[in-house]
$ cat start.pdb   # PDB, C-alpha atoms and all ligand atoms
ATOM      1  CA  ALA A  18    -182.971 -60.941  49.344
ATOM      2  CA  THR A  19    -185.179 -59.749  46.528
ATOM      3  CA  PRO A  20    -186.568 -62.385  44.143
ATOM      4  CA  THR A  21    -184.314 -61.062  41.399
ATOM      5  CA  ALA A  22    -181.172 -61.270  43.529
ATOM      6  CA  VAL A  23    -182.103 -64.823  44.510
ATOM      7  CA  MET A  24    -182.662 -65.746  40.874
ATOM      8  CA  VAL A  25    -179.319 -64.329  39.825
ATOM      9  CA  ALA A  26    -177.497 -66.091  42.653
ATOM     10  CA  THR A  27    -179.170 -69.475  42.165
ATOM     11  CA  GLY A  28    -178.461 -69.215  38.431
ATOM     12  CA  LYS A  29    -174.834 -68.454  39.131
ATOM     13  CA  GLY A  30    -174.660 -71.336  41.605
ATOM     14  CA  ALA A  31    -176.241 -73.750  39.139
ATOM     15  CA  SER A  32    -173.705 -72.825  36.457
ATOM     16  CA  GLN A  33    -170.979 -73.795  38.937
ATOM     17  CA  GLY A  34    -172.613 -77.052  39.967
ATOM     18  CA  VAL A  35    -174.114 -75.736  43.207
ATOM     19  CA  LEU A  36    -177.874 -76.343  43.212
ATOM     20  CA  ILE A  37    -179.566 -74.020  45.704
ATOM     21  CA  LYS A  38    -183.188 -74.953  46.407
ATOM     22  CA  GLY A  39    -184.640 -71.482  46.844
ATOM     23  CA  GLY A  40    -184.158 -68.175  48.615
ATOM     24  CA  ASN A  41    -184.284 -69.462  52.161
ATOM     25  CA  ALA A  42    -181.239 -71.692  51.715
ATOM     26  CA  LEU A  43    -179.330 -68.826  50.131
ATOM     27  CA  GLU A  44    -180.345 -66.403  52.874
ATOM     28  CA  LYS A  45    -179.295 -68.738  55.680
ATOM     29  CA  SER A  46    -175.953 -69.755  54.173
ATOM     30  CA  HIS A  47    -174.322 -66.364  54.734
ATOM     31  CA  LYS A  48    -174.680 -66.745  58.510
ATOM     32  CA  VAL A  49    -173.090 -70.212  58.704
ATOM     33  CA  ASN A  50    -170.264 -70.300  61.255
ATOM     34  CA  THR A  51    -170.039 -74.069  61.753
ATOM     35  CA  VAL A  52    -169.808 -76.797  59.135
ATOM     36  CA  VAL A  53    -170.487 -80.381  60.242
ATOM     37  CA  PHE A  54    -169.052 -82.967  57.864
ATOM     38  CA  ASP A  55    -170.042 -86.635  57.645
ATOM     39  CA  LYS A  56    -166.965 -88.869  57.230
ATOM     40  CA  THR A  57    -167.614 -91.770  54.860
ATOM     41  CA  GLY A  58    -168.335 -90.588  51.313
ATOM     42  CA  THR A  59    -168.173 -86.920  52.331
ATOM     43  CA  LEU A  60    -164.662 -86.233  53.685
ATOM     44  CA  THR A  61    -163.464 -89.555  52.253
ATOM     45  CA  VAL A  62    -163.713 -90.691  48.657
ATOM     46  CA  GLY A  63    -166.345 -93.268  49.660
ATOM     47  CA  LYS A  64    -164.761 -96.042  47.633
ATOM     48  CA  PRO A  65    -163.322 -98.236  50.355
ATOM     49  CA  ALA A  66    -160.878-101.009  49.524
ATOM     50  CA  VAL A  67    -159.608-103.932  51.587
ATOM     51  CA  VAL A  68    -155.868-103.751  52.286
ATOM     52  CA  SER A  69    -155.472-106.934  54.326
ATOM     53  CA  ALA A  70    -157.301-109.984  55.621
ATOM     54  CA  MET A  71    -156.581-111.671  58.935
ATOM     55  CA  LEU A  72    -157.545-115.198  59.903
ATOM     56  CA  PHE A  73    -158.098-116.168  63.552
ATOM     57  CA  PRO A  74    -157.124-119.631  64.911
ATOM     58  CA  LYS A  75    -159.133-122.739  63.974
ATOM     59  CA  PHE A  76    -160.744-121.220  60.866
ATOM     60  CA  SER A  77    -159.789-121.589  57.210
ATOM     61  CA  MET A  78    -159.487-118.799  54.659
ATOM     62  CA  GLU A  79    -161.890-120.664  52.366
ATOM     63  CA  GLU A  80    -164.558-120.772  55.025
ATOM     64  CA  LEU A  81    -163.985-117.137  56.049
ATOM     65  CA  CYS A  82    -164.353-116.006  52.438
ATOM     66  CA  GLU A  83    -167.375-118.208  51.737
ATOM     67  CA  VAL A  84    -169.473-116.926  54.644
ATOM     68  CA  THR A  85    -168.333-113.310  54.197
ATOM     69  CA  ILE A  86    -169.269-113.275  50.523
ATOM     70  CA  ALA A  87    -172.603-114.915  51.296
ATOM     71  CA  ALA A  88    -173.574-112.427  54.015
ATOM     72  CA  GLU A  89    -172.164-109.190  52.569
ATOM     73  CA  SER A  90    -173.494-109.777  49.034
ATOM     74  CA  ASN A  91    -176.902-108.845  50.451
ATOM     75  CA  SER A  92    -175.724-105.513  51.862
ATOM     76  CA  GLU A  93    -175.780-102.161  50.070
ATOM     77  CA  HIS A  94    -173.085-100.712  52.345
ATOM     78  CA  PRO A  95    -169.911 -99.478  50.561
ATOM     79  CA  LEU A  96    -167.821-101.442  53.109
ATOM     80  CA  ALA A  97    -169.697-104.612  52.131
ATOM     81  CA  LYS A  98    -168.905-104.113  48.442
ATOM     82  CA  ALA A  99    -165.194-103.753  49.204
ATOM     83  CA  VAL A 100    -165.162-106.821  51.446
ATOM     84  CA  VAL A 101    -167.031-108.994  48.904
ATOM     85  CA  GLU A 102    -164.713-107.968  46.094
ATOM     86  CA  HIS A 103    -161.632-108.832  48.145
ATOM     87  CA  ALA A 104    -163.021-112.107  49.516
ATOM     88  CA  LYS A 105    -163.900-113.225  45.976
ATOM     89  CA  LYS A 106    -160.330-112.638  44.814
ATOM     90  CA  LEU A 107    -158.965-114.485  47.840
ATOM     91  CA  SER A 108    -161.273-117.456  47.452
ATOM     92  CA  GLN A 109    -160.336-117.752  43.781
ATOM     93  CA  LYS A 110    -156.762-118.301  44.962
ATOM     94  CA  PHE A 111    -158.052-121.221  46.976
ATOM     95  CA  GLY A 112    -159.756-122.703  43.929
ATOM     96  CA  SER A 113    -163.367-121.752  44.641
ATOM     97  CA  GLN A 114    -165.760-120.794  41.872
ATOM     98  CA  PRO A 115    -165.837-116.972  41.849
ATOM     99  CA  GLU A 116    -169.501-116.851  40.753
ATOM    100  CA  HIS A 117    -170.673-119.166  43.484
ATOM    101  CA  VAL A 118    -172.426-117.381  46.342
ATOM    102  CA  THR A 119    -173.818-119.573  49.124
ATOM    103  CA  GLU A 120    -177.409-118.750  50.021
ATOM    104  CA  VAL A 121    -178.199-116.827  53.215
ATOM    105  CA  LYS A 122    -181.244-117.324  55.421
ATOM    106  CA  ASP A 123    -182.612-114.837  57.965
ATOM    107  CA  PHE A 124    -180.439-112.032  56.575
ATOM    108  CA  GLU A 125    -180.605-108.911  58.730
ATOM    109  CA  VAL A 126    -179.076-105.430  58.533
ATOM    110  CA  HIS A 127    -177.965-103.823  61.786
ATOM    111  CA  PRO A 128    -177.577-100.098  60.941
ATOM    112  CA  GLY A 129    -174.239 -98.647  61.981
ATOM    113  CA  ALA A 130    -173.043-102.118  63.031
ATOM    114  CA  GLY A 131    -173.137-104.733  60.253
ATOM    115  CA  VAL A 132    -175.131-107.710  59.006
ATOM    116  CA  SER A 133    -176.142-111.185  60.186
ATOM    117  CA  GLY A 134    -177.548-114.375  58.650
ATOM    118  CA  ILE A 135    -177.442-118.154  58.466
ATOM    119  CA  VAL A 136    -175.070-119.555  55.826
ATOM    120  CA  GLY A 137    -175.593-123.283  55.420
ATOM    121  CA  ASP A 138    -175.916-124.251  59.075
ATOM    122  CA  ARG A 139    -173.576-121.580  60.419
ATOM    123  CA  ARG A 140    -174.616-118.387  62.170
ATOM    124  CA  VAL A 141    -172.602-115.576  60.545
ATOM    125  CA  LEU A 142    -171.969-111.998  61.661
ATOM    126  CA  VAL A 143    -170.038-109.382  59.662
ATOM    127  CA  GLY A 144    -169.498-105.952  61.159
ATOM    128  CA  ASN A 145    -167.844-103.960  63.915
ATOM    129  CA  LYS A 146    -167.084-104.635  67.571
ATOM    130  CA  ARG A 147    -170.458-103.291  68.606
ATOM    131  CA  LEU A 148    -172.158-105.999  66.522
ATOM    132  CA  MET A 149    -169.955-108.668  68.114
ATOM    133  CA  ARG A 150    -170.823-107.350  71.570
ATOM    134  CA  VAL A 151    -174.564-107.424  70.863
ATOM    135  CA  PHE A 152    -174.303-111.105  69.859
ATOM    136  CA  ASN A 153    -171.951-111.992  72.736
ATOM    137  CA  VAL A 154    -168.982-112.928  70.557
ATOM    138  CA  PRO A 155    -165.896-112.928  72.813
ATOM    139  CA  ILE A 156    -163.076-110.650  71.573
ATOM    140  CA  GLY A 157    -159.808-111.701  73.226
ATOM    141  CA  PRO A 158    -156.745-109.491  73.765
ATOM    142  CA  GLU A 159    -155.053-110.609  70.531
ATOM    143  CA  ILE A 160    -158.027-109.696  68.398
ATOM    144  CA  GLU A 161    -158.460-106.497  70.409
ATOM    145  CA  ASN A 162    -154.837-105.593  69.537
ATOM    146  CA  HIS A 163    -155.413-106.323  65.881
ATOM    147  CA  ILE A 164    -158.455-104.027  65.873
ATOM    148  CA  SER A 165    -156.542-101.178  67.581
ATOM    149  CA  GLU A 166    -153.617-101.440  65.183
ATOM    150  CA  THR A 167    -155.982-101.358  62.217
ATOM    151  CA  GLU A 168    -157.906 -98.342  63.504
ATOM    152  CA  LEU A 169    -154.790 -96.336  64.364
ATOM    153  CA  LEU A 170    -153.906 -96.527  60.663
ATOM    154  CA  ALA A 171    -157.261 -94.825  59.892
ATOM    155  CA  ARG A 172    -158.619 -98.143  58.632
ATOM    156  CA  THR A 173    -161.948 -99.733  59.495
ATOM    157  CA  CYS A 174    -161.766-103.266  60.901
ATOM    158  CA  VAL A 175    -164.595-105.463  59.596
ATOM    159  CA  LEU A 176    -164.940-108.525  61.832
ATOM    160  CA  VAL A 177    -166.434-111.868  60.842
ATOM    161  CA  ALA A 178    -167.852-114.351  63.359
ATOM    162  CA  ILE A 179    -168.959-117.927  62.699
ATOM    163  CA  ASP A 180    -171.194-119.686  65.244
ATOM    164  CA  GLY A 181    -170.421-117.150  67.944
ATOM    165  CA  ARG A 182    -166.649-117.107  67.502
ATOM    166  CA  ALA A 183    -164.435-114.519  65.787
ATOM    167  CA  ALA A 184    -163.146-116.131  62.582
ATOM    168  CA  GLY A 185    -161.317-113.318  60.813
ATOM    169  CA  ALA A 186    -161.132-109.639  59.933
ATOM    170  CA  PHE A 187    -160.714-107.376  56.938
ATOM    171  CA  ALA A 188    -158.915-104.012  57.136
ATOM    172  CA  VAL A 189    -160.551-101.432  54.893
ATOM    173  CA  THR A 190    -159.186 -98.029  53.854
ATOM    174  CA  ASP A 191    -161.116 -95.167  52.407
ATOM    175  CA  PRO A 192    -158.760 -92.324  51.458
ATOM    176  CA  VAL A 193    -159.673 -88.710  52.229
ATOM    177  CA  LYS A 194    -160.639 -86.488  49.305
ATOM    178  CA  PRO A 195    -157.661 -84.527  47.987
ATOM    179  CA  GLU A 196    -159.316 -81.146  48.590
ATOM    180  CA  ALA A 197    -160.625 -81.922  52.110
ATOM    181  CA  GLU A 198    -157.756 -80.432  54.108
ATOM    182  CA  ARG A 199    -157.637 -77.303  51.927
ATOM    183  CA  VAL A 200    -161.375 -76.724  52.375
ATOM    184  CA  VAL A 201    -161.224 -77.101  56.172
ATOM    185  CA  SER A 202    -158.357 -74.627  56.333
ATOM    186  CA  PHE A 203    -160.096 -72.175  53.980
ATOM    187  CA  LEU A 204    -163.299 -72.328  56.035
ATOM    188  CA  HIS A 205    -161.188 -71.581  59.107
ATOM    189  CA  SER A 206    -159.847 -68.455  57.387
ATOM    190  CA  MET A 207    -163.482 -67.412  56.763
ATOM    191  CA  GLY A 208    -164.163 -67.710  60.503
ATOM    192  CA  ILE A 209    -166.049 -70.994  60.106
ATOM    193  CA  SER A 210    -165.200 -74.010  62.264
ATOM    194  CA  SER A 211    -165.358 -77.591  60.968
ATOM    195  CA  ILE A 212    -166.624 -80.627  62.883
ATOM    196  CA  MET A 213    -166.827 -84.324  61.916
ATOM    197  CA  VAL A 214    -169.709 -86.654  62.750
ATOM    198  CA  THR A 215    -169.651 -90.354  61.883
ATOM    199  CA  GLY A 216    -171.081 -93.779  62.622
ATOM    200  CA  ASP A 217    -167.582 -95.228  62.471
ATOM    201  CA  ASN A 218    -165.458 -95.904  65.577
ATOM    202  CA  TRP A 219    -163.508 -93.278  67.549
ATOM    203  CA  ALA A 220    -159.997 -94.377  66.588
ATOM    204  CA  THR A 221    -160.601 -94.426  62.818
ATOM    205  CA  ALA A 222    -162.626 -91.214  62.989
ATOM    206  CA  THR A 223    -159.922 -89.381  64.948
ATOM    207  CA  ALA A 224    -157.206 -90.553  62.554
ATOM    208  CA  ILE A 225    -159.170 -89.308  59.528
ATOM    209  CA  ALA A 226    -159.995 -85.994  61.258
ATOM    210  CA  LYS A 227    -156.298 -85.438  61.906
ATOM    211  CA  GLN A 228    -155.546 -85.961  58.215
ATOM    212  CA  VAL A 229    -157.939 -83.169  57.188
ATOM    213  CA  GLY A 230    -157.239 -80.791  60.082
ATOM    214  CA  ILE A 231    -160.522 -81.212  61.964
ATOM    215  CA  GLN A 232    -160.173 -80.982  65.735
ATOM    216  CA  LYS A 233    -163.695 -81.724  66.893
ATOM    217  CA  VAL A 234    -165.102 -85.220  66.280
ATOM    218  CA  PHE A 235    -168.316 -87.056  67.160
ATOM    219  CA  ALA A 236    -167.948 -90.797  66.451
ATOM    220  CA  GLU A 237    -170.101 -93.939  66.888
ATOM    221  CA  THR A 238    -173.159 -91.799  66.227
ATOM    222  CA  ASP A 239    -176.343 -93.236  64.711
ATOM    223  CA  PRO A 240    -178.516 -91.244  62.244
ATOM    224  CA  LEU A 241    -180.694 -89.607  64.928
ATOM    225  CA  GLY A 242    -177.594 -88.979  67.031
ATOM    226  CA  LYS A 243    -176.108 -87.018  64.129
ATOM    227  CA  ALA A 244    -179.207 -84.789  64.090
ATOM    228  CA  ASP A 245    -178.946 -84.358  67.890
ATOM    229  CA  LYS A 246    -175.332 -83.161  67.569
ATOM    230  CA  VAL A 247    -176.470 -80.519  65.077
ATOM    231  CA  LYS A 248    -179.281 -79.441  67.432
ATOM    232  CA  ASP A 249    -176.830 -79.170  70.358
ATOM    233  CA  LEU A 250    -174.614 -76.846  68.330
ATOM    234  CA  GLN A 251    -177.635 -74.720  67.386
ATOM    235  CA  VAL A 252    -178.730 -74.470  71.023
ATOM    236  CA  LYS A 253    -175.251 -73.150  71.786
ATOM    237  CA  GLY A 254    -175.849 -70.427  69.194
ATOM    238  CA  ALA A 255    -174.165 -71.804  66.095
ATOM    239  CA  THR A 256    -175.577 -71.506  62.588
ATOM    240  CA  VAL A 257    -174.871 -74.936  61.172
ATOM    241  CA  ALA A 258    -174.354 -76.282  57.682
ATOM    242  CA  MET A 259    -174.399 -80.100  57.551
ATOM    243  CA  VAL A 260    -172.616 -81.793  54.647
ATOM    244  CA  GLY A 261    -173.466 -85.452  53.988
ATOM    245  CA  ASP A 262    -174.077 -88.134  51.399
ATOM    246  CA  GLY A 263    -175.993 -90.965  53.044
ATOM    247  CA  ILE A 264    -179.424 -92.011  54.250
ATOM    248  CA  ASN A 265    -177.825 -91.941  57.694
ATOM    249  CA  ASP A 266    -177.194 -88.192  57.253
ATOM    250  CA  SER A 267    -180.703 -87.188  56.209
ATOM    251  CA  PRO A 268    -182.117 -86.397  59.690
ATOM    252  CA  ALA A 269    -179.104 -84.122  60.325
ATOM    253  CA  LEU A 270    -179.435 -82.516  56.874
ATOM    254  CA  VAL A 271    -183.051 -81.627  57.679
ATOM    255  CA  VAL A 272    -182.299 -80.244  61.161
ATOM    256  CA  ALA A 273    -179.296 -78.140  60.059
ATOM    257  CA  ASP A 274    -179.785 -74.477  59.130
ATOM    258  CA  VAL A 275    -178.394 -75.419  55.736
ATOM    259  CA  GLY A 276    -178.242 -79.048  54.559
ATOM    260  CA  MET A 277    -175.725 -79.720  51.808
ATOM    261  CA  ALA A 278    -175.767 -83.064  49.973
ATOM    262  CA  ILE A 279    -172.967 -84.550  47.913
ATOM    263  CA  GLY A 280    -174.351 -85.020  44.375
ATOM    264  CA  ALA A 281    -173.122 -88.606  44.166
ATOM    265  CA  GLY A 282    -174.893 -89.379  47.440
ATOM    266  CA  THR A 283    -178.143 -91.269  47.976
ATOM    267  CA  ASP A 284    -181.466 -89.843  46.740
ATOM    268  CA  VAL A 285    -182.712 -89.570  50.322
ATOM    269  CA  ALA A 286    -179.832 -87.243  51.239
ATOM    270  CA  ILE A 287    -180.291 -85.151  48.093
ATOM    271  CA  GLU A 288    -184.001 -84.720  48.850
ATOM    272  CA  ALA A 289    -183.348 -83.805  52.478
ATOM    273  CA  ALA A 290    -180.797 -81.121  51.548
ATOM    274  CA  ASP A 291    -181.226 -77.404  50.764
ATOM    275  CA  ILE A 292    -178.164 -77.325  48.538
ATOM    276  CA  VAL A 293    -176.753 -80.070  46.296
ATOM    277  CA  LEU A 294    -173.063 -80.117  45.379
ATOM    278  CA  ILE A 295    -173.285 -81.649  41.917
ATOM    279  CA  LYS A 296    -169.533 -81.918  41.313
ATOM    280  CA  ASN A 297    -168.963 -83.899  44.536
ATOM    281  CA  ASN A 298    -166.188 -81.449  45.312
ATOM    282  CA  LEU A 299    -165.940 -80.101  48.858
ATOM    283  CA  GLU A 300    -164.620 -76.767  47.516
ATOM    284  CA  ASP A 301    -168.247 -76.079  46.647
ATOM    285  CA  VAL A 302    -169.134 -75.821  50.346
ATOM    286  CA  VAL A 303    -167.046 -72.635  50.204
ATOM    287  CA  THR A 304    -168.570 -71.651  46.835
ATOM    288  CA  ALA A 305    -172.091 -71.860  48.290
ATOM    289  CA  ILE A 306    -171.340 -69.858  51.439
ATOM    290  CA  ASP A 307    -169.335 -67.309  49.474
ATOM    291  CA  LEU A 308    -172.113 -66.861  46.914
ATOM    292  CA  SER A 309    -174.612 -66.300  49.707
ATOM    293  CA  ARG A 310    -172.364 -63.814  51.524
ATOM    294  CA  LYS A 311    -171.834 -61.809  48.335
ATOM    295  CA  THR A 312    -175.522 -61.809  47.441
ATOM    296  CA  ILE A 313    -176.679 -60.754  50.893
ATOM    297  CA  SER A 314    -174.045 -58.025  51.333
ATOM    298  CA  ARG A 315    -174.902 -56.563  47.924
ATOM    299  CA  ILE A 316    -178.511 -56.211  48.997
ATOM    300  CA  ARG A 317    -177.809 -54.539  52.315
TER     301      ARG A 317
HETATM  302  P1  LIG B   1    -170.732 -93.463  58.399
HETATM  303  O1  LIG B   1    -171.521 -92.641  59.371
HETATM  304  O2  LIG B   1    -169.268 -93.183  58.565
HETATM  305  O3  LIG B   1    -171.174 -93.176  56.954
HETATM  306  P2  LIG B   1    -172.258 -96.051  58.937
HETATM  307  O4  LIG B   1    -173.192 -95.492  59.959
HETATM  308  O5  LIG B   1    -172.837 -96.412  57.621
HETATM  309  O6  LIG B   1    -170.934 -95.085  58.736
HETATM  310  O7  LIG B   1    -171.582 -97.385  59.552
HETATM  311  C1  LIG B   1    -170.921 -97.361  60.786
HETATM  312  C2  LIG B   1    -170.083 -98.599  60.993
HETATM  313  O8  LIG B   1    -170.903 -99.788  61.035
HETATM  314  C3  LIG B   1    -169.089 -98.880  59.898
HETATM  315  O9  LIG B   1    -167.925 -98.145  60.029
HETATM  316  C4  LIG B   1    -168.855-100.399  60.082
HETATM  317  O10 LIG B   1    -167.948-100.620  61.126
HETATM  318  C5  LIG B   1    -170.223-100.907  60.494
HETATM  319  N1  LIG B   1    -170.995-101.466  59.364
HETATM  320  C6  LIG B   1    -172.194-101.005  58.915
HETATM  321  N2  LIG B   1    -172.649-101.782  57.894
HETATM  322  C7  LIG B   1    -171.710-102.732  57.657
HETATM  323  C8  LIG B   1    -171.591-103.824  56.730
HETATM  324  N3  LIG B   1    -172.529-104.117  55.810
HETATM  325  N4  LIG B   1    -170.474-104.578  56.797
HETATM  326  C9  LIG B   1    -169.522-104.326  57.701
HETATM  327  N5  LIG B   1    -169.574-103.320  58.606
HETATM  328  C10 LIG B   1    -170.645-102.529  58.597
HETATM  329 MG    MG B   2    -171.558 -91.115  54.577
END
$ encode --input "start.pdb" --output "structure tokens"
Amino acid sequence: ATPTAVMVATGKGASQGVLIKGGNALEKSHKVNTVVFDKTGTLTVGKPAVVSAMLFPKFSMEELCEVTIAAESNSEHPLAKAVVEHAKKLSQKFGSQPEHVTEVKDFEVHPGAGVSGIVGDRRVLVGNKRLMRVFNVPIGPEIENHISETELLARTCVLVAIDGRAAGAFAVTDPVKPEAERVVSFLHSMGISSIMVTGDNWATATAIAKQVGIQKVFAETDPLGKADKVKDLQVKGATVAMVGDGINDSPALVVADVGMAIGAGTDVAIEAADIVLIKNNLEDVVTAIDLSRKTISRIR
């Protein structure tokens, strides 16, 4: 595209809340035939909320809430915020001081898995099954059933372990964005296929994909794994746009032919991207590709 055409198109994009970082991004967008979407915060609203708490035998709700609040208060993860908020409300019901947060020692983040730390004299883990497996926490058939039931409802099951034993679980929902299904179907009509990639588990991921009409899913994928999936698609000949919001998406945003960041996402994602969707609306994935197609076809 000529510099003038690029200027006109980027100006037009900007006025619609689609920030295109230069001519290369615009040029490449018209060839996109595959869009890879991150799940949490991209296809979903990204404001998870706890819908239920489950206590396992021999533990008290007060203790479950105390250690969960202590450990998760140190985490930046959206799931952690939802869990802390819910545990605080619950513990208030049991007469605890809502402002009181027990101190945590040796706090550690396990990316894509959860957090760990020492609360008082108890070893505490909060996270998914993978985290429990790494620390050798036994998950019996009853807990296994509870996890499956939670995940089939498209909810994420956050497990809590105290001193090596499963103490309880929180079921967290994160609704899909209202426009997500429409966008996937519109992309399909443009000849573009949609794929989901996520760090979350297979069952939850598949349930969410079904809700938005995505048939191809990669789950339980770490940040570098997300980038590898994009590379695989490119090797097979696809021109890939990656849409994401998190630090965990930034390697994939860089590798993709066109990286698109959700405006409300983390700074790292916004920097890694070629296009920023300021309005946080997935319709603008279509806007960007459409703008590029129109600009390029006008030139040729
Ligand atoms: P996504 O790729 O969908 O944005 P992440 O890679 O951030 O998800 O996290 C993957 C999974 O790791 C989560 O679904 C959750 O099960 C677990 N997890 C990560 N951090 C935490 C945390 N602070 N508390 C509880 N669970 C967590
Ligand atoms: Mg995300």
$ atom_distance --input "start.pdb" --atom1 "atom CA of Phe187 of chain A" --atom2 "atom CA of Asp262 of chain A"
24.1 Å
$ atom_distance --input "start.pdb" --atom1 "atom CA of Val275 of chain A" --atom2 "atom CA of Thr223 of chain A"
24.9 Å
$ closest_atom_pairs --input "start.pdb" --of "chain A" --to "ligand MG 2 (chain B)" --cutoff "12 Å" --atoms "all atoms listed in the file" --output "tab-separated table"
residue	atom	partner	partner_atom	distance
A:Phe54	CA	B:MG2	MG	9.1
A:Asp55	CA	B:MG2	MG	5.6
A:Lys56	CA	B:MG2	MG	5.8
A:Thr57	CA	B:MG2	MG	4.0
A:Gly58	CA	B:MG2	MG	4.6
A:Thr59	CA	B:MG2	MG	5.8
A:Leu60	CA	B:MG2	MG	8.5
A:Thr61	CA	B:MG2	MG	8.6
A:Val62	CA	B:MG2	MG	9.8
A:Gly63	CA	B:MG2	MG	7.5
A:Lys64	CA	B:MG2	MG	10.9
A:Pro65	CA	B:MG2	MG	11.7
A:His94	CA	B:MG2	MG	10.0
A:Pro95	CA	B:MG2	MG	9.4
A:Leu96	CA	B:MG2	MG	11.1
A:Gly129	CA	B:MG2	MG	10.9
A:Asp191	CA	B:MG2	MG	11.4
A:Met213	CA	B:MG2	MG	11.1
A:Val214	CA	B:MG2	MG	9.5
A:Thr215	CA	B:MG2	MG	7.6
A:Gly216	CA	B:MG2	MG	8.5
A:Asp217	CA	B:MG2	MG	9.7
A:Thr238	CA	B:MG2	MG	11.8
A:Asp239	CA	B:MG2	MG	11.4
A:Pro240	CA	B:MG2	MG	10.4
A:Lys243	CA	B:MG2	MG	11.3
A:Met259	CA	B:MG2	MG	11.8
A:Val260	CA	B:MG2	MG	9.4
A:Gly261	CA	B:MG2	MG	6.0
A:Asp262	CA	B:MG2	MG	5.0
A:Gly263	CA	B:MG2	MG	4.7
A:Ile264	CA	B:MG2	MG	7.9
A:Asn265	CA	B:MG2	MG	7.0
A:Asp266	CA	B:MG2	MG	6.9
A:Ser267	CA	B:MG2	MG	10.1
A:Ala269	CA	B:MG2	MG	11.8
A:Leu270	CA	B:MG2	MG	11.9
A:Ala278	CA	B:MG2	MG	10.2
A:Ile279	CA	B:MG2	MG	9.5
A:Ala281	CA	B:MG2	MG	10.8
A:Gly282	CA	B:MG2	MG	8.1
A:Thr283	CA	B:MG2	MG	9.3
A:Ala286	CA	B:MG2	MG	9.7
$ closest_residue --input "start.pdb" --among "A:Glu83, A:Glu168, A:Glu237, A:Glu102" --to "ligand LIG 1 (chain B)" --atoms "all atoms listed in the file"
A:Glu237
$ closest_residue --input "start.pdb" --among "A:Val136, A:Val189, A:Leu36, A:Val121" --to "ligand LIG 1 (chain B)" --atoms "all atoms listed in the file"
A:Val189
$ residues_around --input "start.pdb" --residues "Phe203 of chain A" --least-positions-apart "6" --cutoff "12 Å" --atoms "only C-alpha atoms" --output "PyMOL selection string"
chain A and resi 52+196-197+209-211+229-230+299-304+306-307
$ atom_distance --input "start.pdb" --atom1 "atom CA of Leu142 of chain A" --atom2 "atom O8 of ligand LIG 1 (chain B)"
12.3 Å
$ axis_aligned_box --input "start.pdb" --around "ligand LIG 1 (chain B)" --padding-each-side "3 Å" --output "AutoDock Vina command-line options"
--center_x -170.6 --center_y -98.6 --center_z 58.5 --size_x 11.3 --size_y 17.9 --size_z 11.3
$ residues_near_point --input "start.pdb" --point "(-178.1, -78.7, 66.8)" --cutoff "10 Å" --atoms "only C-alpha atoms" --output "list in words"
Lys243, Ala244, Asp245, Lys246, Val247, Lys248, Asp249, Leu250, Gln251, Val252, Lys253, Gly254, Ala255, Thr256, Val257, Ala269, Val272, Ala273 and Asp274 of chain A
$ resolve_selection --input "start.pdb" --expression "the PyMOL selection byres (((chain A and resi 22) around 12) and not hetatm)" --output "list in words"
Ala18, Thr19, Pro20, Thr21, Val23, Met24, Val25, Ala26, Thr27, Gly28, Lys29, Gly39, Gly40, Leu43, Glu44, Leu308, Ser309, Lys311, Thr312, Ile313, Ser314, Arg315, Ile316 and Arg317 of chain A
$ write_last_selection --input "start.pdb" --atoms "C-alpha atoms" --output "PDB file, keeping the file's coordinate frame"
ATOM      1  CA  ALA A  18    -182.971 -60.941  49.344  1.00  0.00           C
ATOM      2  CA  THR A  19    -185.179 -59.749  46.528  1.00  0.00           C
ATOM      3  CA  PRO A  20    -186.568 -62.385  44.143  1.00  0.00           C
ATOM      4  CA  THR A  21    -184.314 -61.062  41.399  1.00  0.00           C
ATOM      5  CA  VAL A  23    -182.103 -64.823  44.510  1.00  0.00           C
ATOM      6  CA  MET A  24    -182.662 -65.746  40.874  1.00  0.00           C
ATOM      7  CA  VAL A  25    -179.319 -64.329  39.825  1.00  0.00           C
ATOM      8  CA  ALA A  26    -177.497 -66.091  42.653  1.00  0.00           C
ATOM      9  CA  THR A  27    -179.170 -69.475  42.165  1.00  0.00           C
ATOM     10  CA  GLY A  28    -178.461 -69.215  38.431  1.00  0.00           C
ATOM     11  CA  LYS A  29    -174.834 -68.454  39.131  1.00  0.00           C
ATOM     12  CA  GLY A  39    -184.640 -71.482  46.844  1.00  0.00           C
ATOM     13  CA  GLY A  40    -184.158 -68.175  48.615  1.00  0.00           C
ATOM     14  CA  LEU A  43    -179.330 -68.826  50.131  1.00  0.00           C
ATOM     15  CA  GLU A  44    -180.345 -66.403  52.874  1.00  0.00           C
ATOM     16  CA  LEU A 308    -172.113 -66.861  46.914  1.00  0.00           C
ATOM     17  CA  SER A 309    -174.612 -66.300  49.707  1.00  0.00           C
ATOM     18  CA  LYS A 311    -171.834 -61.809  48.335  1.00  0.00           C
ATOM     19  CA  THR A 312    -175.522 -61.809  47.441  1.00  0.00           C
ATOM     20  CA  ILE A 313    -176.679 -60.754  50.893  1.00  0.00           C
ATOM     21  CA  SER A 314    -174.045 -58.025  51.333  1.00  0.00           C
ATOM     22  CA  ARG A 315    -174.902 -56.563  47.924  1.00  0.00           C
ATOM     23  CA  ILE A 316    -178.511 -56.211  48.997  1.00  0.00           C
ATOM     24  CA  ARG A 317    -177.809 -54.539  52.315  1.00  0.00           C
TER      25      ARG A 317
END
$ closest_residue --input "start.pdb" --among "A:Asp138, A:Ala290, A:Gln109, A:Ser92" --to "ligand LIG 1 (chain B)" --atoms "only C-alpha atoms and all ligand atoms"
A:Ser92
$ resolve_selection --input "start.pdb" --expression "the PyMOL selection byres (((chain A and resi 178) around 9) and not hetatm)" --output "number ranges by chain"
A: 81, 140-144, 149, 154, 176-177, 179-186
